[in-house]
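Participant: Below is the file protein18.csv, which contains CSV, C-alpha atoms.
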```
chain,number,residue,atom,x,y,z
A,202,MET,CA,3.3,-8.3,18.0
A,203,PRO,CA,6.0,-10.5,19.7
A,204,ILE,CA,8.5,-12.6,17.8
A,205,MET,CA,8.7,-16.1,19.1
A,206,PRO,CA,12.0,-17.7,20.3
A,207,SER,CA,11.6,-20.9,18.4
A,208,ALA,CA,11.2,-19.0,15.1
A,209,VAL,CA,14.0,-16.7,15.9
A,210,VAL,CA,16.4,-19.7,16.3
A,211,ASN,CA,15.6,-20.8,12.8
A,212,GLU,CA,15.2,-17.4,11.2
A,213,ALA,CA,18.6,-17.3,9.4
A,214,GLU,CA,17.7,-20.6,7.7
A,215,ILE,CA,14.2,-19.5,6.9
A,216,ASP,CA,15.5,-16.2,5.5
A,217,ARG,CA,18.1,-18.0,3.3
A,218,ARG,CA,15.5,-20.3,1.8
A,219,VAL,CA,12.9,-17.6,1.2
A,220,LYS,CA,15.5,-15.6,-0.7
A,221,GLU,CA,16.4,-18.7,-2.8
A,222,VAL,CA,12.8,-19.3,-3.7
A,223,ALA,CA,12.4,-15.6,-4.7
A,224,ARG,CA,15.4,-15.9,-7.0
A,225,LYS,CA,14.2,-19.2,-8.5
A,226,LEU,CA,10.7,-17.7,-9.2
A,227,ALA,CA,11.9,-14.5,-10.8
A,228,PRO,CA,10.8,-12.6,-12.8
A,229,ASP,CA,7.2,-13.5,-11.8
A,230,VAL,CA,8.2,-12.9,-8.2
A,231,VAL,CA,9.8,-9.5,-7.6
A,232,ARG,CA,10.6,-10.0,-3.9
A,233,ILE,CA,9.4,-11.9,-0.8
A,234,ARG,CA,9.2,-10.3,2.6
A,235,TYR,CA,7.9,-12.0,5.7
A,236,ALA,CA,7.0,-11.5,9.4
A,237,LEU,CA,7.3,-14.1,12.1
A,238,THR,CA,4.5,-13.4,14.5
A,239,LEU,CA,1.3,-14.8,16.0
A,240,ASN,CA,-1.8,-15.4,14.0
A,241,SER,CA,-5.3,-14.4,15.1
A,242,THR,CA,-5.6,-17.4,17.4
A,243,GLY,CA,-2.2,-16.9,19.0
A,244,GLU,CA,-0.2,-19.5,17.1
A,245,GLU,CA,3.4,-19.0,15.9
A,246,SER,CA,3.1,-18.2,12.2
A,247,ILE,CA,4.9,-16.8,9.2
A,248,PHE,CA,3.1,-14.2,7.1
A,249,LEU,CA,4.7,-14.1,3.7
A,250,ARG,CA,4.3,-10.9,1.6
A,251,ILE,CA,5.0,-11.6,-2.0
A,252,VAL,CA,5.3,-8.9,-4.6
A,253,LEU,CA,4.6,-10.2,-8.1
A,254,SER,CA,5.4,-8.6,-11.4
A,255,ASP,CA,2.4,-6.8,-13.1
A,256,LEU,CA,2.4,-9.5,-15.8
A,257,ALA,CA,2.2,-12.3,-13.3
A,258,SER,CA,-0.6,-10.4,-11.4
A,259,THR,CA,-3.1,-10.4,-14.3
A,260,GLU,CA,-6.3,-12.2,-13.5
A,261,LYS,CA,-5.5,-14.9,-16.0
A,262,LYS,CA,-2.0,-15.6,-14.8
A,263,LEU,CA,-2.5,-15.1,-11.1
A,264,PRO,CA,-4.0,-18.5,-10.1
A,265,GLU,CA,-1.1,-20.4,-11.8
A,266,VAL,CA,1.6,-18.1,-10.4
A,267,THR,CA,0.3,-18.0,-6.8
A,268,GLY,CA,-0.2,-21.8,-6.9
A,269,ARG,CA,3.4,-22.2,-8.0
A,270,VAL,CA,4.7,-19.8,-5.3
A,271,ARG,CA,2.8,-21.6,-2.6
A,272,ALA,CA,4.0,-25.0,-3.8
A,273,GLU,CA,7.6,-23.9,-4.1
A,274,LEU,CA,7.8,-22.3,-0.7
A,275,ARG,CA,6.2,-25.3,0.9
A,276,LYS,CA,8.5,-27.6,-0.9
A,277,GLU,CA,11.7,-25.7,0.0
A,278,ILE,CA,10.7,-24.8,3.6
A,279,ASP,CA,9.1,-27.3,6.0
A,280,PHE,CA,7.2,-24.6,7.9
A,281,ALA,CA,5.6,-27.2,10.2
A,282,LYS,CA,9.1,-28.4,11.2
A,283,PHE,CA,9.7,-24.8,12.4
A,284,GLY,CA,6.4,-24.9,14.2
A,285,LEU,CA,4.9,-22.2,12.0
A,286,TYR,CA,1.5,-21.8,10.4
A,287,THR,CA,1.9,-20.2,7.0
A,288,TYR,CA,-0.1,-17.4,5.4
A,289,PHE,CA,0.5,-16.0,1.9
A,290,ASN,CA,-0.2,-12.5,0.8
A,291,PHE,CA,0.2,-11.3,-2.7
A,292,ARG,CA,0.5,-7.9,-4.2
A,293,SER,CA,1.5,-6.6,-7.7
A,294,ARG,CA,4.4,-4.3,-8.2
A,295,SER,CA,2.2,-1.4,-9.3
A,296,GLU,CA,-0.1,-1.9,-6.3
A,297,GLN,CA,2.9,-1.7,-4.0
A,298,ALA,CA,4.2,1.4,-5.9
A,299,GLN,CA,0.9,3.1,-5.2
A,300,LEU,CA,0.6,2.0,-1.5
A,301,LYS,CA,4.4,2.3,-0.7
A,302,GLU,CA,4.1,0.2,2.4
A,303,PRO,CA,7.6,-0.4,4.0
A,304,ALA,CA,6.7,-3.9,5.1
A,305,TRP,CA,6.4,-4.9,1.4
A,306,SER,CA,9.4,-2.9,0.1
B,248,MET,CA,-24.2,-26.8,-2.5
B,249,ALA,CA,-25.7,-23.9,-4.4
B,250,PHE,CA,-25.4,-21.5,-1.5
B,251,ALA,CA,-21.7,-22.0,-1.1
B,252,GLU,CA,-21.2,-21.7,-4.9
B,253,ASP,CA,-23.3,-18.5,-4.9
B,254,LEU,CA,-21.1,-17.1,-2.2
B,255,LEU,CA,-18.0,-17.9,-4.2
B,256,GLU,CA,-19.4,-16.2,-7.3
B,257,GLN,CA,-20.3,-13.2,-5.1
B,258,ALA,CA,-16.7,-13.1,-3.7
B,259,TYR,CA,-15.4,-12.9,-7.3
B,260,HIS,CA,-17.9,-10.2,-8.2
B,261,LEU,CA,-16.8,-8.1,-5.2
B,262,ALA,CA,-13.1,-8.6,-6.0
B,263,LYS,CA,-13.7,-7.3,-9.5
B,264,ARG,CA,-15.9,-4.3,-8.7
B,265,GLU,CA,-14.6,-0.8,-9.4
B,266,LYS,CA,-12.4,-1.3,-12.4
B,267,THR,CA,-9.7,1.3,-11.6
B,268,LYS,CA,-9.9,2.1,-7.9
B,269,PRO,CA,-11.3,-0.8,-6.0
B,270,LYS,CA,-12.9,0.2,-2.7
B,271,GLN,CA,-11.4,-1.4,0.5
B,272,ALA,CA,-15.0,-2.4,1.4
B,273,SER,CA,-15.3,-4.4,-1.8
B,274,LEU,CA,-12.0,-6.1,-1.4
B,275,ARG,CA,-12.5,-6.9,2.3
B,276,ARG,CA,-15.9,-8.3,1.6
B,277,ALA,CA,-14.5,-10.4,-1.2
B,278,VAL,CA,-11.9,-12.0,1.1
B,279,SER,CA,-14.5,-12.6,3.8
B,280,THR,CA,-17.0,-14.0,1.4
B,281,SER,CA,-14.4,-16.4,0.0
B,282,TYR,CA,-13.9,-17.8,3.5
B,283,TYR,CA,-17.6,-18.1,4.1
B,284,ALA,CA,-18.0,-19.9,0.7
B,285,LEU,CA,-15.7,-22.7,1.9
B,286,PHE,CA,-17.1,-22.7,5.4
B,287,HIS,CA,-20.7,-23.3,4.0
B,288,LEU,CA,-19.5,-25.8,1.5
B,289,LEU,CA,-18.0,-28.0,4.3
B,290,VAL,CA,-20.8,-27.4,6.7
B,291,GLY,CA,-23.3,-28.4,4.0
B,292,GLU,CA,-21.3,-31.5,3.3
B,293,VAL,CA,-21.4,-32.5,7.0
B,294,VAL,CA,-25.1,-32.0,7.4
B,295,SER,CA,-26.0,-33.7,4.1
B,296,ASN,CA,-24.8,-36.9,5.9
B,297,TRP,CA,-27.6,-36.5,8.4
B,298,LYS,CA,-30.5,-38.7,7.5
B,299,ARG,CA,-33.5,-36.4,8.2
B,300,PRO,CA,-33.3,-33.3,5.9
B,301,TYR,CA,-35.7,-31.2,8.1
B,302,GLN,CA,-33.1,-31.4,11.0
B,303,ARG,CA,-30.1,-30.3,8.9
B,304,PRO,CA,-30.5,-26.5,9.3
B,305,LYS,CA,-30.5,-26.9,13.0
B,306,LEU,CA,-27.5,-29.1,12.9
B,307,ALA,CA,-25.7,-26.6,10.7
B,308,ARG,CA,-25.9,-24.0,13.4
B,309,ILE,CA,-23.7,-25.8,15.9
B,310,PHE,CA,-20.5,-25.4,13.9
B,311,GLU,CA,-17.9,-23.1,15.4
B,312,HIS,CA,-15.1,-21.4,13.4
B,313,GLY,CA,-12.3,-22.0,15.9
B,314,PRO,CA,-12.7,-25.8,16.3
B,315,MET,CA,-13.2,-26.2,12.6
B,316,ARG,CA,-9.9,-24.3,12.0
B,317,LYS,CA,-8.1,-26.5,14.6
B,318,ALA,CA,-9.4,-29.7,12.9
B,319,SER,CA,-8.2,-28.3,9.5
B,320,GLN,CA,-4.7,-27.3,10.9
B,321,GLN,CA,-4.3,-30.8,12.3
B,322,LEU,CA,-5.2,-32.4,9.0
B,323,ALA,CA,-3.0,-30.1,7.0
B,324,ASN,CA,0.0,-31.2,9.0
B,325,ARG,CA,-0.9,-34.9,9.1
B,326,LYS,CA,1.0,-37.6,7.3
B,327,PHE,CA,-1.3,-40.0,5.5
B,328,VAL,CA,0.0,-43.6,5.2
B,329,GLY,CA,-1.6,-46.0,2.7
B,330,GLU,CA,-3.9,-43.4,1.2
B,331,PRO,CA,-3.7,-42.5,-2.5
B,332,GLY,CA,-1.3,-39.5,-2.8
B,333,SER,CA,-3.7,-37.4,-4.8
B,334,ALA,CA,-6.6,-37.9,-2.3
B,335,ALA,CA,-4.4,-36.9,0.6
B,336,ALA,CA,-3.0,-33.9,-1.4
B,337,ASN,CA,-6.5,-32.7,-2.4
B,338,LEU,CA,-7.8,-33.0,1.2
B,339,LYS,CA,-4.7,-31.2,2.6
B,340,SER,CA,-5.2,-28.4,0.2
B,341,VAL,CA,-8.8,-28.0,1.3
B,342,ALA,CA,-7.8,-28.0,5.0
B,343,SER,CA,-4.9,-25.5,4.6
B,344,ALA,CA,-7.1,-23.2,2.5
B,345,PHE,CA,-9.7,-23.3,5.3
B,346,ASP,CA,-7.0,-22.2,7.8
B,347,GLU,CA,-5.5,-19.6,5.5
B,348,LEU,CA,-8.9,-18.1,4.5
B,349,GLN,CA,-10.1,-17.9,8.1
B,350,GLU,CA,-6.9,-15.9,9.0
B,351,LEU,CA,-7.5,-13.6,6.0
B,352,ARG,CA,-11.1,-13.2,6.9
B,353,HIS,CA,-10.1,-12.1,10.4
B,354,LEU,CA,-7.7,-9.5,9.0
B,355,ALA,CA,-10.2,-8.3,6.4
B,356,ASP,CA,-13.0,-8.0,8.9
B,357,TYR,CA,-11.2,-6.6,12.0
B,358,ASP,CA,-7.8,-5.2,11.2
B,359,GLU,CA,-8.2,-1.6,9.9
B,360,SER,CA,-4.4,-1.2,9.4
B,361,GLU,CA,-4.4,-3.8,6.6
B,362,LYS,CA,-4.4,-2.4,3.1
B,363,TRP,CA,-6.1,-4.7,0.6
B,364,THR,CA,-5.4,-4.9,-3.1
B,365,ARG,CA,-7.1,-6.5,-6.1
B,366,ALA,CA,-4.4,-9.1,-6.5
B,367,ARG,CA,-4.7,-10.1,-2.8
B,368,ALA,CA,-8.5,-10.3,-3.0
B,369,LEU,CA,-8.4,-12.3,-6.2
B,370,ASP,CA,-5.9,-14.7,-4.6
B,371,ALA,CA,-8.4,-15.3,-1.8
B,372,VAL,CA,-11.1,-16.1,-4.3
B,373,ASN,CA,-8.8,-18.4,-6.2
B,374,LEU,CA,-7.8,-20.1,-3.0
B,375,ALA,CA,-11.4,-20.9,-2.2
B,376,ARG,CA,-12.1,-21.9,-5.9
B,377,THR,CA,-9.2,-24.3,-5.8
B,378,ALA,CA,-10.4,-25.8,-2.5
B,379,PHE,CA,-13.8,-26.3,-4.1
B,380,LYS,CA,-12.3,-28.3,-7.0
B,381,ALA,CA,-10.1,-30.3,-4.6
B,382,TRP,CA,-13.0,-31.1,-2.5
B,383,GLN,CA,-15.1,-32.3,-5.4
B,384,ALA,CA,-12.2,-34.7,-6.3
B,385,VAL,CA,-11.9,-36.1,-2.8
B,386,ARG,CA,-15.3,-35.7,-1.1
B,387,LEU,CA,-16.3,-39.4,-1.3
B,388,GLU,CA,-13.0,-40.8,0.0
B,389,ARG,CA,-13.0,-42.1,3.5
B,390,ILE,CA,-10.3,-39.6,4.7
B,391,ALA,CA,-12.6,-36.8,3.5
B,392,GLN,CA,-15.6,-38.1,5.3
B,393,ASP,CA,-13.4,-38.5,8.4
B,394,TYR,CA,-12.4,-34.9,8.1
B,395,LEU,CA,-16.1,-33.9,8.0
B,396,LEU,CA,-16.7,-35.8,11.1
B,397,GLN,CA,-13.8,-34.1,12.8
B,398,LEU,CA,-15.1,-30.7,11.8
B,399,LEU,CA,-18.3,-31.6,13.7
B,400,ILE,CA,-16.7,-33.1,16.9
B,401,GLN,CA,-13.5,-31.1,17.2
B,402,ARG,CA,-13.3,-29.4,20.6
B,403,ARG,CA,-11.8,-26.1,21.4
```
Using structure tokens, write down the structure that the file contains.

Facilitator:
Amino acid sequence: MPIMPSAVVNEAEIDRRVKEVARKLAPDVVRIRYALTLNSTGEESIFLRIVLSDLASTEKKLPEVTGRVRAELRKEIDFAKFGLYTYFNFRSRSEQAQLKEPAWS
Amino acid sequence: MAFAEDLLEQAYHLAKREKTKPKQASLRRAVSTSYYALFHLLVGEVVSNWKRPYQRPKLARIFEHGPMRKASQQLANRKFVGEPGSAAANLKSVASAFDELQELRHLADYDESEKWTRARALDAVNLARTAFKAWQAVRLERIAQDYLLQLLIQRR
């Protein structure tokens, strides 16, 4: 899928802030990857792929952790300012170890 | 809103099926059902404002996913002035959950390259569940009722 010029212009800043949030939310957050692309209705979007620790991915902890990750990323990055719709995708470390998808590595 | 709540419960059930090796079909249907739970919650709220109950099922059939999503995206990015902060925050969380869940539903239903995991499916259920709670807190506010109207009249 194509990468949009407006997002490309700001990608360095987005990248820096995403990394900052990942560091801040460690060890619950193992890493955050993302893709700047179009959503299913053709709008510029960011798809965040967040790998969580296994402890943070338990059913009991998951709602609190994912809520905190969403809130922190939205606080630190004004996605609307960059013209991006935002979509969050979570996976545990052991789920990723099993699936071995490069986009999440 | 028993139907919407039943769908949410069903989404959770699907996300939790197969203890050790969840089937992609279960996880995908959990994600899709989470979206439909929120969709039917909001449609049910709109049509409950219609005075004649026997006409409500027919009214419920006119809703379209695309315009509802557009109305939700516009609201999620709107700045509310003079409204209680908690009401605006609750409503925005409902609207952004609607957008996010509709996107996830699209991936879950149509994109065979996507690999789904339990954590991701449970997050979709949690997102819908949080939206249900936020909606209960804000549903009687004027801004929430205006959102319902926009879901009905939004054009493509």

Participant: With distances taken over only C-alpha atoms, which of A:Lys261, A:Arg218, A:Ala298, A:Ser241 is nearest to Gly313 (chain B)?

Facilitator: A:Ser241

Participant: Within 12 Å of chain B, which residues of chain A show up when using all atoms listed in the file, listed as a VMD selection string?

Facilitator: chain A and resid 239 to 244 246 to 268 270 to 272 275 279 to 282 284 to 302 304 to 305

Participant: Quick one: residues within 12 Å of Glu252 (chain B), all atoms listed in the file counted, chain neighbours fewer than 2 positions away excluded, as a list in words?

Facilitator: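 My list of contacting residues is Met248, Ala249, Phe250, Leu254, Leu255, Glu256, Gln257, Ala258, Tyr259, Thr280, Ser281, Tyr282, Tyr283, Ala284, Leu285, Phe286, His287, Leu288, Leu289, Gly291, Val372, Ala375, Arg376, Ala378, Phe379 and Lys380 of chain B.
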
Participant: Could you name the residues that touch region 327-341 of chain B at 7 Å or less, counting all atoms listed in the file, but leaving out those on the same chain fewer than 4 positions away, as a list in words?

Facilitator: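 Once the nearby chain positions are removed, what remains is Leu322, Ala323, Phe345, Ala378, Ala381, Trp382, Val385 and Ala391 of chain B.
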
Participant: What does the distance between CA of Ile215 (chain A) and CA of Pro303 (chain A) come to in Å, to one decimal place?

Facilitator: 20.4 Å

Participant: Just give me the gap between CA of Leu274 (chain A) and CA of Gln392 (chain B) in Å, one decimal is fine.

Facilitator: 28.9 Å

Participant: Distance CA of Arg264 (chain B)-CA of Arg352 (chain B), one decimal place?

Facilitator: 18.6 Å
